[in-house]
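Have a look at start.cif; it's mmCIF, C-alpha atoms:
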data_query
loop_
_atom_site.label_atom_id
_atom_site.label_comp_id
_atom_site.auth_asym_id
_atom_site.auth_seq_id
_atom_site.Cartn_x
_atom_site.Cartn_y
_atom_site.Cartn_z
CA MET A 113 31.98 -0.45 -28.92
CA LEU A 114 32.23 -0.63 -32.71
CA PRO A 115 34.59 -3.14 -34.35
CA LYS A 116 37.80 -1.55 -35.65
CA SER A 117 36.90 -2.48 -39.22
CA LEU A 118 33.80 -0.23 -39.02
CA LEU A 119 35.79 2.77 -37.79
CA TYR A 120 37.47 3.15 -41.20
CA LEU A 121 34.17 3.25 -43.12
CA PRO A 122 32.69 6.60 -44.20
CA ASN A 123 30.22 8.12 -41.75
CA SER A 124 27.40 7.90 -44.29
CA LEU A 125 27.97 4.17 -44.77
CA ARG A 126 28.17 3.55 -41.03
CA MET A 127 24.91 5.44 -40.54
CA GLY A 128 23.31 3.43 -43.34
CA LEU A 129 24.51 0.15 -41.85
CA LEU A 130 23.17 1.07 -38.42
CA ILE A 131 19.73 2.11 -39.68
CA THR A 132 19.35 -0.83 -42.06
CA ALA A 133 20.48 -3.28 -39.37
CA LEU A 134 17.79 -2.03 -36.98
CA VAL A 135 15.11 -1.95 -39.68
CA GLY A 136 16.19 -5.36 -40.99
CA LEU A 137 15.91 -6.89 -37.52
CA LEU A 138 12.47 -5.38 -37.04
CA ILE A 139 11.23 -6.60 -40.43
CA ALA A 140 12.74 -10.05 -39.83
CA ALA A 141 10.94 -10.28 -36.46
CA LEU A 142 7.63 -9.26 -38.05
CA ALA A 143 8.18 -11.74 -40.88
CA TRP A 144 8.91 -14.56 -38.43
CA PHE A 145 5.76 -13.67 -36.49
CA GLN A 146 3.69 -13.69 -39.69
CA ILE A 147 5.14 -17.02 -40.86
CA GLU A 148 4.46 -18.64 -37.50
CA ARG A 149 0.97 -17.18 -37.45
CA GLU A 150 0.19 -18.61 -40.89
CA ARG A 151 1.72 -21.93 -39.88
CA ARG A 152 -0.52 -22.10 -36.82
CA SER A 153 -3.48 -21.21 -39.03
CA ASP A 154 -2.59 -24.08 -41.40
CA LEU A 155 -2.35 -26.50 -38.47
CA GLU A 156 -5.71 -25.34 -37.14
CA GLU A 157 -7.20 -25.89 -40.59
CA MET A 158 -5.69 -29.38 -40.56
CA ASP A 159 -7.27 -30.02 -37.15
CA ARG A 160 -10.69 -29.02 -38.51
CA ARG A 161 -10.29 -31.26 -41.56
CA ALA A 162 -9.33 -34.20 -39.36
CA TYR A 163 -12.30 -33.64 -37.03
CA VAL A 164 -14.70 -33.43 -40.00
CA ILE A 165 -13.40 -36.77 -41.32
CA ALA A 166 -13.58 -38.34 -37.84
CA HIS A 167 -17.16 -37.11 -37.43
CA GLN A 168 -18.14 -38.53 -40.81
CA MET A 169 -16.57 -41.90 -40.01
CA ALA A 170 -17.80 -42.12 -36.41
CA TYR A 171 -21.07 -43.95 -37.19
CA PRO A 172 -19.60 -46.46 -39.71
CA ALA A 173 -16.80 -47.20 -37.20
CA GLN A 174 -19.34 -47.63 -34.38
CA VAL A 175 -21.30 -50.14 -36.47
CA ALA A 176 -18.19 -52.00 -37.66
CA LEU A 177 -16.76 -52.35 -34.15
CA GLN A 178 -19.84 -54.39 -33.18
CA LEU A 179 -18.78 -57.04 -35.74
CA PRO A 180 -15.93 -59.56 -35.52
CA ASP A 181 -12.55 -58.35 -36.77
CA GLY A 182 -12.77 -60.00 -40.19
CA GLU A 183 -16.27 -58.76 -40.92
CA ALA A 184 -15.42 -55.30 -39.53
CA ALA A 185 -12.48 -54.93 -41.94
CA THR A 186 -14.72 -56.02 -44.85
CA ALA A 187 -17.44 -53.58 -43.78
CA PHE A 188 -15.15 -50.57 -44.14
CA GLY A 189 -14.11 -51.44 -47.67
CA SER A 190 -12.16 -48.54 -49.19
CA MET A 191 -13.47 -45.93 -46.78
CA LEU A 192 -10.18 -45.96 -44.82
CA GLU A 193 -7.96 -45.20 -47.82
CA GLY A 194 -6.32 -41.80 -48.12
CA TYR A 195 -6.24 -39.15 -50.84
CA ARG A 196 -4.08 -36.09 -51.42
CA ARG A 197 -2.75 -35.03 -47.99
CA LEU A 198 -4.80 -37.65 -46.14
CA ILE A 199 -2.60 -40.71 -45.63
CA GLY A 200 -5.45 -42.85 -44.34
CA LEU A 201 -7.57 -43.95 -41.38
CA ALA A 202 -7.33 -46.78 -38.87
CA VAL A 203 -9.80 -48.30 -36.42
CA TYR A 204 -8.78 -49.89 -33.09
CA ARG A 205 -10.62 -51.77 -30.36
CA THR A 206 -10.51 -50.71 -26.73
CA ASP A 207 -7.61 -53.07 -26.01
CA GLY A 208 -5.50 -51.39 -28.70
CA ARG A 209 -5.88 -54.09 -31.37
CA LEU A 210 -5.98 -52.84 -34.98
CA VAL A 211 -9.24 -53.75 -36.70
CA ALA A 212 -8.79 -52.14 -40.11
CA ALA A 213 -6.57 -49.51 -41.71
CA GLY A 214 -5.80 -47.86 -45.02
CA LYS A 215 -2.80 -49.02 -47.00
CA GLY A 216 -0.73 -45.89 -46.30
CA VAL A 217 -1.16 -46.18 -42.54
CA ALA A 218 0.85 -49.39 -42.19
CA ASP A 219 4.18 -47.50 -42.45
CA PHE A 220 3.32 -45.48 -39.33
CA ALA A 221 1.82 -48.23 -37.15
CA ALA A 222 4.24 -47.62 -34.28
CA VAL A 223 3.46 -43.90 -34.09
CA LEU A 224 -0.28 -44.55 -34.20
CA GLN A 225 -0.13 -47.34 -31.64
CA GLN A 226 1.42 -45.01 -29.06
CA ALA A 227 -1.16 -42.25 -29.68
CA VAL A 228 -4.05 -44.75 -29.61
CA GLY A 229 -2.86 -46.16 -26.30
CA GLN A 230 -2.70 -42.67 -24.80
CA THR A 231 -6.21 -41.85 -26.08
CA LEU A 232 -7.77 -45.03 -24.73
CA VAL A 233 -6.12 -44.57 -21.34
CA GLU A 234 -7.13 -40.93 -20.94
CA GLY A 235 -10.52 -41.36 -22.59
CA LYS A 236 -10.27 -38.17 -24.67
CA ASP A 237 -9.24 -37.27 -28.19
CA THR A 238 -5.57 -36.75 -29.03
CA VAL A 239 -4.37 -34.20 -31.63
CA ALA A 240 -0.63 -34.03 -32.26
CA THR A 241 2.14 -33.76 -34.83
CA ARG A 242 4.94 -36.27 -35.10
CA ARG A 243 8.18 -36.38 -37.04
CA THR A 244 9.73 -39.58 -38.29
CA ALA A 245 12.88 -40.21 -40.26
CA ASP A 246 11.22 -39.40 -43.58
CA ALA A 247 7.83 -37.84 -42.76
CA HIS A 248 6.05 -35.12 -40.83
CA LEU A 249 2.62 -36.28 -39.64
CA HIS A 250 -0.55 -34.81 -38.24
CA LEU A 251 -2.70 -37.30 -36.35
CA LEU A 252 -6.07 -37.25 -34.67
CA VAL A 253 -7.16 -40.17 -32.51
CA SER A 254 -10.84 -39.92 -31.59
CA VAL A 255 -12.68 -42.16 -29.11
CA ILE A 256 -15.58 -44.16 -30.61
CA ARG A 257 -18.37 -44.53 -28.09
CA ALA A 258 -21.40 -46.80 -27.99
CA PRO A 259 -24.91 -45.33 -27.69
CA ASP A 260 -24.64 -45.71 -23.92
CA GLY A 261 -21.47 -43.57 -23.89
CA GLN A 262 -19.01 -46.37 -23.16
CA PRO A 263 -15.73 -46.42 -25.15
CA GLN A 264 -16.03 -48.85 -28.04
CA GLY A 265 -12.71 -48.21 -29.77
CA ALA A 266 -10.65 -45.48 -31.42
CA LEU A 267 -10.51 -43.95 -34.89
CA ALA A 268 -7.18 -42.54 -36.09
CA VAL A 269 -6.97 -39.96 -38.90
CA LEU A 270 -3.47 -39.48 -40.33
CA HIS A 271 -2.44 -36.54 -42.56
CA ASP A 272 0.85 -35.69 -44.28
CA LEU A 273 2.29 -32.26 -43.33
CA VAL A 274 4.92 -32.12 -46.09
CA GLY A 275 2.72 -29.73 -48.06
CA LEU A 276 2.49 -27.38 -45.06
CA ASP A 277 6.27 -27.56 -44.58
CA GLU A 278 6.86 -26.73 -48.24
CA ARG A 279 4.45 -23.82 -47.98
CA ALA A 280 6.27 -22.52 -44.88
CA THR A 281 9.64 -22.88 -46.65
CA HIS A 282 8.29 -21.00 -49.65
CA ARG A 283 7.07 -18.22 -47.36
CA GLN A 284 10.46 -18.02 -45.67
CA ALA A 285 12.25 -17.78 -49.02
CA LEU A 286 9.82 -15.12 -50.24
CA PHE A 287 10.10 -13.08 -47.03
CA GLY A 288 13.90 -13.47 -47.12
CA PHE A 289 14.05 -12.14 -50.68
CA TRP A 290 11.92 -9.11 -49.89
CA ILE A 291 13.75 -8.41 -46.64
CA GLY A 292 17.08 -8.51 -48.47
CA PHE A 293 15.73 -6.25 -51.23
CA ILE A 294 14.29 -3.75 -48.74
CA VAL A 295 17.44 -3.74 -46.57
CA LEU A 296 19.76 -3.26 -49.57
CA SER A 297 17.58 -0.48 -51.00
CA LEU A 298 17.36 1.22 -47.61
CA LEU A 299 21.15 0.96 -47.17
CA LEU A 300 21.79 2.60 -50.55
CA LEU A 301 19.22 5.36 -49.98
CA THR A 302 20.39 6.08 -46.42
CA ALA A 303 24.09 6.09 -47.29
CA ALA A 304 23.53 8.28 -50.36
CA GLY A 305 21.28 10.68 -48.43
CA ALA A 306 23.73 10.95 -45.53
CA TRP A 307 26.61 11.57 -47.94
CA LEU A 308 24.72 14.28 -49.82
CA LEU A 309 23.31 15.98 -46.73
CA TYR A 310 26.22 15.60 -44.28
CA ASP A 311 29.47 14.08 -45.56
CA GLN A 312 29.80 16.17 -48.72
CA PRO A 313 29.00 19.56 -47.07
CA LEU A 314 31.23 18.80 -44.09
CA ASN A 315 34.08 17.74 -46.40
CA ARG A 316 33.72 21.04 -48.26
CA LEU A 317 33.84 22.86 -44.92
CA ALA A 318 36.96 20.93 -43.91
CA GLU A 319 38.66 21.80 -47.23
CA TRP A 320 37.72 25.45 -46.77
CA MET A 321 39.20 25.41 -43.25
CA ARG A 322 42.42 23.82 -44.60
CA GLN A 323 42.68 26.56 -47.21
CA LEU A 324 42.00 29.14 -44.52
CA ARG A 325 44.84 27.71 -42.44
CA THR A 326 47.26 27.74 -45.38
CA GLY A 327 46.23 31.24 -46.47
CA ASP A 328 44.66 30.28 -49.81
CA THR A 329 40.91 30.54 -49.40
CA ALA A 330 37.84 32.40 -50.50
CA GLU A 331 36.28 35.01 -48.28
CA ALA A 332 33.08 33.14 -47.38
CA PRO A 333 32.65 29.57 -46.09
CA PRO A 334 30.81 27.02 -48.28
CA ILE A 335 27.04 27.25 -48.44
CA ALA A 336 24.38 24.56 -47.92
CA LEU A 337 25.85 23.23 -44.68
CA PRO A 338 23.71 20.73 -42.73
CA VAL A 339 23.29 23.22 -39.84
CA ALA A 340 22.68 26.90 -40.62
CA ARG A 341 24.41 28.05 -37.45
CA LEU A 342 27.57 26.21 -38.54
CA ALA A 343 27.94 28.54 -41.53
CA SER A 344 27.62 31.73 -39.46
CA GLU A 345 30.00 30.47 -36.75
CA SER A 346 32.53 29.40 -39.41
CA ASP A 347 32.38 32.87 -40.95
CA ARG A 348 33.05 34.49 -37.55
CA LEU A 349 35.87 32.03 -36.85
CA ALA A 350 37.48 32.81 -40.20
CA ALA A 351 37.31 36.56 -39.53
CA SER A 352 38.89 36.12 -36.09
CA PHE A 353 41.60 33.87 -37.54
CA ARG A 354 42.46 36.34 -40.31
CA ALA A 355 42.67 39.19 -37.82
CA ALA A 356 44.91 37.17 -35.48
CA ARG A 357 47.14 36.05 -38.35
CA THR A 358 47.49 39.61 -39.67
CA ALA A 359 48.46 40.87 -36.22
CA HIS A 360 50.93 38.02 -35.79
CA GLN A 361 52.52 38.70 -39.18
CA ALA A 362 52.89 42.37 -38.36
CA GLN A 363 54.48 41.53 -35.03
CA ALA A 364 56.82 39.01 -36.68
CA ARG A 365 57.93 41.55 -39.29
CA ALA A 366 58.64 44.07 -36.54
CA VAL A 367 60.71 41.52 -34.63
CA VAL A 368 62.66 40.59 -37.76
CA ARG A 369 63.37 44.23 -38.53
CA ALA A 370 64.62 44.76 -34.98
CA ASP A 371 66.66 41.59 -34.78
CA ASN A 372 67.83 40.97 -38.32
CA LEU A 373 71.50 41.76 -37.56
CA TRP A 374 73.63 38.86 -36.37
CA THR A 375 76.91 39.52 -34.51
CA ARG A 376 79.62 37.14 -33.41
CA ASP A 377 78.56 37.40 -29.77
CA ARG A 378 74.85 37.01 -30.59
CA LEU A 379 75.52 33.94 -32.71
CA ARG A 380 77.66 32.39 -29.96
CA ALA A 381 74.97 33.07 -27.35
CA HIS A 382 72.26 31.63 -29.61
CA VAL A 383 74.22 28.44 -30.28
CA VAL A 384 75.08 27.97 -26.59
CA ASP A 385 71.43 28.45 -25.69
CA CYS A 386 70.26 25.96 -28.34
CA LEU A 387 72.91 23.37 -27.39
CA ARG A 388 72.26 23.87 -23.65
CA GLY A 389 75.94 24.20 -22.84
CA GLY A 390 77.14 21.65 -25.41
CA GLN A 391 79.71 22.17 -28.14
CA LEU A 392 78.96 22.43 -31.85
CA LEU A 393 80.64 19.55 -33.70
CA VAL A 394 80.90 19.06 -37.48
CA ILE A 395 82.04 15.77 -38.97
CA SER A 396 82.64 15.61 -42.71
CA ASN A 397 84.91 14.15 -45.34
CA ARG A 398 86.12 17.59 -46.47
CA GLU A 399 88.43 19.56 -44.14
CA PRO A 400 88.11 23.34 -43.81
CA TYR A 401 91.91 23.83 -44.00
CA MET A 402 94.58 21.71 -45.64
CA HIS A 403 98.36 21.92 -45.91
CA GLU A 404 100.25 21.44 -49.16
CA LEU A 405 104.00 21.54 -49.77
CA ARG A 406 105.24 24.47 -51.85
CA ASP A 407 108.99 24.49 -52.47
CA GLY A 408 109.41 22.00 -49.63
CA LYS A 409 107.50 24.13 -47.13
CA PRO A 410 103.95 23.56 -45.80
CA ARG A 411 101.43 26.07 -47.03
CA LEU A 412 97.89 26.61 -45.66
CA ILE A 413 95.11 26.32 -48.22
CA MET A 414 91.33 26.80 -47.67
CA PRO A 415 89.45 24.45 -50.04
CA ALA A 416 86.61 25.94 -52.07
CA GLY A 417 83.27 24.41 -51.13
CA GLY A 418 79.80 25.36 -49.94
CA LEU A 419 80.03 23.36 -46.71
CA VAL A 420 83.29 25.02 -45.62
CA THR A 421 82.10 28.47 -46.66
CA ALA A 422 78.82 28.11 -44.75
CA LEU A 423 79.92 26.40 -41.55
CA ASP A 424 83.50 27.55 -40.91
CA PRO A 425 82.47 31.10 -39.82
CA VAL A 426 79.86 29.60 -37.48
CA LEU A 427 82.37 27.26 -35.85
CA GLN A 428 84.91 30.08 -35.62
CA ALA A 429 82.35 32.24 -33.80
CA CYS A 430 81.08 29.48 -31.50
CA GLY A 431 84.36 27.72 -30.78
CA GLY A 432 83.22 24.50 -32.43
CA VAL A 433 85.24 21.52 -33.55
CA TRP A 434 85.54 20.26 -37.14
CA VAL A 435 86.50 16.61 -37.55
CA ALA A 436 87.53 15.73 -41.10
CA HIS A 437 89.80 13.57 -43.22
CA GLY A 438 93.29 15.07 -43.57
CA SER A 439 93.86 14.78 -47.29
CA GLY A 440 96.65 17.36 -47.61
CA GLU A 441 100.19 16.04 -48.09
CA ALA A 442 101.50 18.19 -45.27
CA ASP A 443 98.55 17.80 -42.88
CA ARG A 444 100.31 15.21 -40.73
CA ARG A 445 103.37 17.48 -40.36
CA MET A 446 101.18 20.38 -39.30
CA SER A 447 99.18 18.37 -36.65
CA ASP A 448 99.95 17.58 -33.06
CA ALA A 449 100.09 14.11 -31.50
CA LYS A 450 96.26 14.02 -31.20
CA GLY A 451 95.66 14.92 -34.83
CA ARG A 452 94.69 18.53 -34.16
CA SER A 453 95.76 21.12 -36.67
CA LEU A 454 98.40 23.55 -35.38
#
Let me see whether you can do it: turn the structure in this file into structure tokens.
Amino acid sequence: MLPKSLLYLPNSLRMGLLITALVGLLIAALAWFQIERERRSDLEEMDRRAYVIAHQMAYPAQVALQLPDGEAATAFGSMLEGYRRLIGLAVYRTDGRLVAAGKGVADFAAVLQQAVGQTLVEGKDTVATRRTADAHLHLLVSVIRAPDGQPQGALAVLHDLVGLDERATHRQALFGFWIGFIVLSLLLLTAAGAWLLYDQPLNRLAEWMRQLRTGDTAEAPPIALPVARLASESDRLAASFRAARTAHQAQARAVVRADNLWTRDRLRAHVVDCLRGGQLLVISNREPYMHELRDGKPRLIMPAGGLVTALDPVLQACGGVWVAHGSGEADRRMSDAKGRSL
């Protein structure tokens, strides 16, 4: 069921809106799929980067964890500091104690502590993304094992995902611009094409049919209709209509010639039939007859006027009643007790 507001739009515009809505939804779905696919690809690339860093730092962390905490922190030096999207690294012992960490990691100690605890309990690496009040993080917590395979600690690699979020936002804006451009262009092309191919020819056909109905039309229907059969059927319909109208006009002229004389009895019968047994009543300000005093005696006068001239014979023939204002100076003398003229 279409909304009422759409019912008043031209057919070409409604067709354009329908087609562009379907195409726009399809393109939007494909764009969303592509954006999500690229986002997953970016996250997978981030996973690989984090694993490469963890692999590179696995041996130095294994050596440092064999030292006391103070010496272990000194042994790392600046190797745990971050750069670009890498916030930093942190090294933990098996009991969850922090041994050393880069400067940027301190702001996210609570998030890392939870992931490190989960990794040490399960004994396997943890890869996850976390959101905080002002950051979006990618973290990898890898188990550091001794040569005999026993867990020796955990290494956390922390990346900033703001760059990935900005890239995804940029993609969304770019896809949104192109979707809007494509949808608007498609709407204009579809509406214009539908108007040229359907609305305009059908409007010409409707105007030709109106002229045919009123008797002022060309012989042939308009050309270039959207369906070829419509032109031939319209031509046949016009021929049938002209033939029927000509026959009807001839019959009407014959009836008029036979019945063009009106008599008093015919008029009365016609009025009675039209009024279904009622009485014809005329109410006006002007009276059909008035009485004036001439030499002290009432005299009947028929006022000159189109209304009286036209309707008085009809009322006389049909026995109608004329109710009017008695303006003559002798009207009251020449009326009965009920105001009827004598």
Could you state which residues are captured by the PyMOL selection byres ((chain A and resi 428-432) around 7) in this file, as a VMD selection string?
chain A and resid 376 380 391 to 393 424 to 427 433 to 434
By how many Å are atom CA of Leu296 of chain A and atom CA of Ala280 of chain A apart?
24.0 Å
Might you pull out every residue within 9 Å of Phe287 of chain A, with only C-alpha atoms counted and same-chain residues fewer than 3 positions away left off, and present them as number ranges by chain?
A: 140, 143-144, 147, 282-284, 290-292
Could you name the residues that touch Arg205 of chain A at 12 Å or less, counting all atoms listed in the file, but leaving out those on the same chain fewer than 6 positions away, as an MDAnalysis selection string?
chainID A and resid 173:174 176:181 184 211:212 225 228:229 231:232 254:257 263:268
Students should find that atom CA of Ile131 of chain A and atom CA of Arg316 of chain A are spaced 25.1 Å
Which of these, A:Leu324, A:Leu198, A:Pro172, A:Arg378, has the shortest distance to Leu349 of chain A once you count only C-alpha atoms?
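Of A:Leu324, A:Leu198, A:Pro172, A:Arg378, the one nearest Leu349 of chain A, counting only C-alpha atoms, is A:Leu324.
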Selected by the PyMOL selection byres ((chain A and resi 409) around 12) in the shown coordinates: which residues, as a ChimeraX atom specification?
/A:403-408,410-412,441-443,445-446
Given the file above and the PyMOL selection byres ((chain A and resi 294) around 12), which residues are selected, and can you give them as a PDB file with C-alpha atoms, in the coordinates of the input?
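Output below, filename selection.pdb:
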ATOM      1  CA  THR A 132      19.350  -0.830 -42.060  1.00  0.00           C
ATOM      2  CA  ALA A 133      20.480  -3.280 -39.370  1.00  0.00           C
ATOM      3  CA  VAL A 135      15.110  -1.950 -39.680  1.00  0.00           C
ATOM      4  CA  GLY A 136      16.190  -5.360 -40.990  1.00  0.00           C
ATOM      5  CA  LEU A 137      15.910  -6.890 -37.520  1.00  0.00           C
ATOM      6  CA  LEU A 138      12.470  -5.380 -37.040  1.00  0.00           C
ATOM      7  CA  ILE A 139      11.230  -6.600 -40.430  1.00  0.00           C
ATOM      8  CA  ALA A 140      12.740 -10.050 -39.830  1.00  0.00           C
ATOM      9  CA  PHE A 287      10.100 -13.080 -47.030  1.00  0.00           C
ATOM     10  CA  GLY A 288      13.900 -13.470 -47.120  1.00  0.00           C
ATOM     11  CA  PHE A 289      14.050 -12.140 -50.680  1.00  0.00           C
ATOM     12  CA  TRP A 290      11.920  -9.110 -49.890  1.00  0.00           C
ATOM     13  CA  ILE A 291      13.750  -8.410 -46.640  1.00  0.00           C
ATOM     14  CA  GLY A 292      17.080  -8.510 -48.470  1.00  0.00           C
ATOM     15  CA  PHE A 293      15.730  -6.250 -51.230  1.00  0.00           C
ATOM     16  CA  VAL A 295      17.440  -3.740 -46.570  1.00  0.00           C
ATOM     17  CA  LEU A 296      19.760  -3.260 -49.570  1.00  0.00           C
ATOM     18  CA  SER A 297      17.580  -0.480 -51.000  1.00  0.00           C
ATOM     19  CA  LEU A 298      17.360   1.220 -47.610  1.00  0.00           C
ATOM     20  CA  LEU A 299      21.150   0.960 -47.170  1.00  0.00           C
ATOM     21  CA  LEU A 300      21.790   2.600 -50.550  1.00  0.00           C
ATOM     22  CA  LEU A 301      19.220   5.360 -49.980  1.00  0.00           C
ATOM     23  CA  THR A 302      20.390   6.080 -46.420  1.00  0.00           C
TER      24      THR A 302
END
Could you give me, as a PyMOL selection string, the residues within 12 Å of Met158 of chain A, counting only C-alpha atoms and dropping anything in the same chain fewer than 6 positions from it?
chain A and resi 151-152+164-165+197-198+239-241+249-252+269-273+275-276
Generate a file of the selected residues that holds C-alpha atoms, formatted as a CSV table (one decimal), in the coordinates of the input.
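Here's the written file selection_22.csv:
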chain,number,residue,atom,x,y,z
A,151,ARG,CA,1.7,-21.9,-39.9
A,152,ARG,CA,-0.5,-22.1,-36.8
A,164,VAL,CA,-14.7,-33.4,-40.0
A,165,ILE,CA,-13.4,-36.8,-41.3
A,197,ARG,CA,-2.8,-35.0,-48.0
A,198,LEU,CA,-4.8,-37.6,-46.1
A,239,VAL,CA,-4.4,-34.2,-31.6
A,240,ALA,CA,-0.6,-34.0,-32.3
A,241,THR,CA,2.1,-33.8,-34.8
A,249,LEU,CA,2.6,-36.3,-39.6
A,250,HIS,CA,-0.6,-34.8,-38.2
A,251,LEU,CA,-2.7,-37.3,-36.4
A,252,LEU,CA,-6.1,-37.2,-34.7
A,269,VAL,CA,-7.0,-40.0,-38.9
A,270,LEU,CA,-3.5,-39.5,-40.3
A,271,HIS,CA,-2.4,-36.5,-42.6
A,272,ASP,CA,0.8,-35.7,-44.3
A,273,LEU,CA,2.3,-32.3,-43.3
A,275,GLY,CA,2.7,-29.7,-48.1
A,276,LEU,CA,2.5,-27.4,-45.1
Could you state the separation of atom CA of Ala356 of chain A and atom CA of Ala340 of chain A in Å, given to one decimal place?
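Separation between atom CA of Ala356 of chain A and atom CA of Ala340 of chain A: 25.0 Å.
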Let me have the centre and edge lengths of the axis-aligned box enclosing all listed atoms of segment 232-246 of chain A with 3 Å padding on every side, in Å to one decimal, as AutoDock Vina command-line options.
--center_x 1.2 --center_y -39.4 --center_z -32.3 --size_x 29.4 --size_y 17.3 --size_z 28.6
With distances taken over all atoms listed in the file, which of A:Gln361, A:Gln168, A:Ser439, A:Ser346 is nearest to Leu201 of chain A?
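Counting all atoms listed in the file, the residue closest to Leu201 of chain A is A:Gln168.
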Taking (-11.9, -42.0, -45.3) in the coordinates of the supplied file, I want to know which residues reach to within 7 Å of it, counting only C-alpha atoms; could you give the answer as a PDB file with C-alpha atoms, in the frame of the given file?
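The result, written out as point_27.pdb:
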ATOM      1  CA  ILE A 165     -13.400 -36.770 -41.320  1.00  0.00           C
ATOM      2  CA  MET A 191     -13.470 -45.930 -46.780  1.00  0.00           C
ATOM      3  CA  LEU A 192     -10.180 -45.960 -44.820  1.00  0.00           C
ATOM      4  CA  GLU A 193      -7.960 -45.200 -47.820  1.00  0.00           C
ATOM      5  CA  GLY A 194      -6.320 -41.800 -48.120  1.00  0.00           C
ATOM      6  CA  GLY A 200      -5.450 -42.850 -44.340  1.00  0.00           C
ATOM      7  CA  LEU A 201      -7.570 -43.950 -41.380  1.00  0.00           C
TER       8      LEU A 201
END
Nearest residue to Gly189 of chain A out of A:Arg209, A:Arg161, A:Lys215, A:Arg348, using all atoms listed in the file?
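Of A:Arg209, A:Arg161, A:Lys215, A:Arg348, the one nearest Gly189 of chain A is A:Lys215, counting all atoms listed in the file.
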Under the rule that only C-alpha atoms are counted, which of A:Leu129, A:Leu337, A:Leu419, A:Ala213 is the nearest residue to Arg398 of chain A?
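Comparing A:Leu129, A:Leu337, A:Leu419, A:Ala213 against Arg398 of chain A, the winner is A:Leu419.
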